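Q: Have a look at this one.
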Amino acid sequence: MFKVLLDSVLNNIAKVVVEIALDREFDYLIPESLSASLKLGSRVLVPFGKRVARGYVVGLAERSEIKNLKEIKELVGQKPLLDENMLQLARWIGDYYVAAFEQAIRSVLPCAVRRHNAKFLQQKTVTVIPEKVKGLDLTALRSRSPKQADTLEFLSSGMPALLSELSWKYGASAIKSLEKKGLVDVGNQDLRRDPLAGHNILPTKPLELSLEQKTALDLVKRSIDTLDPRVVLLHGVTGSGKTEVYLQAIRHVLDQNKGAIVLVPEISLTPQTVERFCGRFGDLVAVLHSHLSDGERHDEWYRIYEGKARIVVGARSALFAPVEKLGLIVVDEEHETSYKQAEAPRYNARDVAVKRGQLEGCSVLLGSASPALESFNNARKGKYAIAHLHHRVDRQKMPRMNIVDMRIEAQREGRVNVFSRQLVEAVRARIEQREQTILFLNRRGYATSVICPACGFTATCPQCSVSLTYHRDGETMRCHICGRSEKVPDKCPKCFALTLKFSGIGTQRIEAIVRKVFPKACVQRMDSDTTTAKHSHRNILGDFKTGKIDILIGTQMIAKGLHFPNVTLVGVIYADHSLHMPDFRSAERTFQLLLQVAGRAGRGDIPGEVIVQTFTPLHPAIQAARRLDYEGFCDQEIESRRELKYPPFSHIICITLEDRREEVAALVAKQLGARLREHIAEPAIVSEPMPAPISMAKGLYRRQIIIRSESMKAVSAPLKQVLRELKYPADVHVAVDVDALSMM
């Protein structure tokens, strides 16, 4: 009888996805008690098998083809966590990137928000009672009980403090005694975990714009006001003031009572970017990135959700922040590969930003000194509007780039040195002039391999098809794929010779040489080994900004977006590293990296210099970077891509199959390849299965199939169908990477 009554009511069926990657929606009855409050995007608890599962309402219907439906057990929270636009975006991500809808839902909601129902953390706090302590003689109290006096002094600001923190500092007994005396109050309070607590951020005012900046800003404002154009590509040389254009565009958005999202590619950029945005907009700014604690991420998300923060600054996942009345999405350094998600769904935040802009009816601003070829090609075709900033602010000169041929250097010196004579002299001159230097090498560790010259043995990871990297701290050999670490042996494991050598160079070795060559200089290394602690990025960059560091050595995290006016020299140690990777994008990546790292020099009053050490000085990417010739490089690179039908003239889908048994991985790859060729029609091209460039990783053998297609619509549906229907062992893992940026 109850079922018949429900069927007479419109939309009494909820379609729910549960937090298990089944790529299915399940129908549940909406109980009468929830019929008025349950909406699209609501979080619910539902019976699922023999347990209760969390899920999200993604659709409403009048009836279901399934009989004997179960009821939703509980509605979690009154306001939906996902609005209709975000549900559409998640569905598009699942379809386009060939991933389960549930995986897309997990991507758009932070884990800390999915797992916790409470909005803010409620903790025991201690607050001083002002009228009770007024006139209290702290000196006399300190003579009797120093810990009680110290506690009251700590609380003198009147702000509540965590009971746990005070107990650790001054002892639980001191706090209990003060509570008994009626001097403090102990109770529960909602506390915001603020990621910017303790930061001293000075307010700033808008800067005077150059004519080029004004022209660019006018175009962005037109985009915000009319959505014509919807996407603007801001192509500005390093130091041209792109960030000031972002800031003033966001002021225009705020004046219309709308919000904005600003994406940056690296965590290392976040402190400096946040400082600039908070200095301009204060508490309206929220921060979202992976280095926040779960509590900080949870509380920042809810500040945005409740409309208390209108501007969001962060890395890739900040794109999904629940900003109401979204008016502008900024993607800074839009060409960066770190915008690509490594796990399913393997989305590119830049492209998803364009899609979210379309769904939200808001403008999207892509900024870069070296835009991705895909973006630049879209601008040339008229799909995006483009604005150019050809000059640095205040007409500062671009740095002079010198190419050092290390082959000639090796002949002259009789050996291959890490530093050329020219670079050593240039660094020494900067130290004498109290200017700063950045030395760039995109390899961490001390040496890239451990070898035996007697028998040719090379230490490799037994779980991955890569050499182990020598790290001097702890005298260990580490795998940068699976993280395996082991002690360096005293002798060769193969021939027992005592002649093990360390070959290749990493940032640790650069640091050791620099400290030896320049003993009086203050040297700091910044890579993923030195930035594991919280706030380590901020601390290192803060010391560099204040001049405490003379020479900063680092990987790509110091190559982009950072503004330090006293840096007058940038040295690129081994420019060929990314150039010879087995990837069709290697030339583009090398060019972009050189252009970005060169842009760190000469951003103040003193002209900058860049010294690039290379063994292939005549390579077109290096020569184009020397001339700072972006369009010239693009013209040449785009023509070669056109001939090979590579992006931007096609989509690349990389399918990787992994299994602990090599023969199983090979067999399933062969079967999958055959089925794909049956279902995917020409002109799409499906490659034969082949070993991946890294043929084994984390103990799994890896095979790849590459699909090239001008249209994703022609590929995604049949690809999903084949993957759903193909029967293969449960322990075979299949990963689909649409618009793949790496084939490794």
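Starting from 1 in every chain, residues are counted up; chains themselves are A, B, ... following the order of the structure tokens, and ligands are numbered from 1 as listed.
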Please list as a ChimeraX atom specification every residue within 6 Å of Val58 of chain A, counting only C-alpha atoms and excluding residues in the same chain fewer than 5 positions away.
A: /A:15-16,40-41
Q: Calculate how many Å separate atom CA of Glu153 of chain A from atom CA of Asn188 of chain A, rounding to one decimal.
A: 21.3 Å
Q: Give the strand (DSSP E) residues of segment 188-296 of chain A, as DSSP finds them on the backbone, and put them as number ranges by chain.
A: A: 188-191, 231-236, 259-263, 285-288
Q: Pick out the residues sitting within 10 Å of Gly182 of chain A, and hand them over as an MDAnalysis selection string; count only C-alpha atoms, and ignore anything fewer than 2 positions along from it in its own chain.
A: chainID A and resid 128:129 132:133 176:180 184:185
Q: Report, in Å to a single decimal, how far apart atom CA of Val610 of chain A and atom CA of Asn539 of chain A are.
A: 25.5 Å
Q: Using only C-alpha atoms, find the one residue out of A:Pro130, A:Pro648, A:Gly632, A:Pro322 that sits nearest to Leu183 of chain A.
A: A:Pro130
Q: Please determine, counting only C-alpha atoms, which residue among A:Ala697, A:Cys634, A:Ile573, A:Ala387 has the shortest atom-to-atom distance to Arg484 of chain A.
A: A:Ala697
Q: How many Å lie between atom CA of Pro691 of chain A and atom CA of Val450 of chain A, rounded to one decimal?
A: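 We find that atom CA of Pro691 of chain A and atom CA of Val450 of chain A lie 25.1 Å from each other.
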Q: Would you mind listing what lies within 8 Å of Ile105 of chain A as a list in words, with only C-alpha atoms counted and same-chain residues fewer than 4 positions away left out?
A: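 Within the cut-off, the hits are Leu87, Ala90, Phe101 and Leu109 of chain A.
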Q: Go through A:Val18, A:Ile13, A:Leu741, A:Ala575 and flag the residue nearest Arg51 of chain A, using only C-alpha atoms for the distances.
A: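 Using only C-alpha atoms, Arg51 of chain A sits closest to A:Val18.
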Q: Could you give me, as a ChimeraX atom specification, the residues within 9 Å of Leu166 of chain A, counting only C-alpha atoms and dropping anything in the same chain fewer than 4 positions from it?
A: /A:126,151,154,161-162,170-172,175
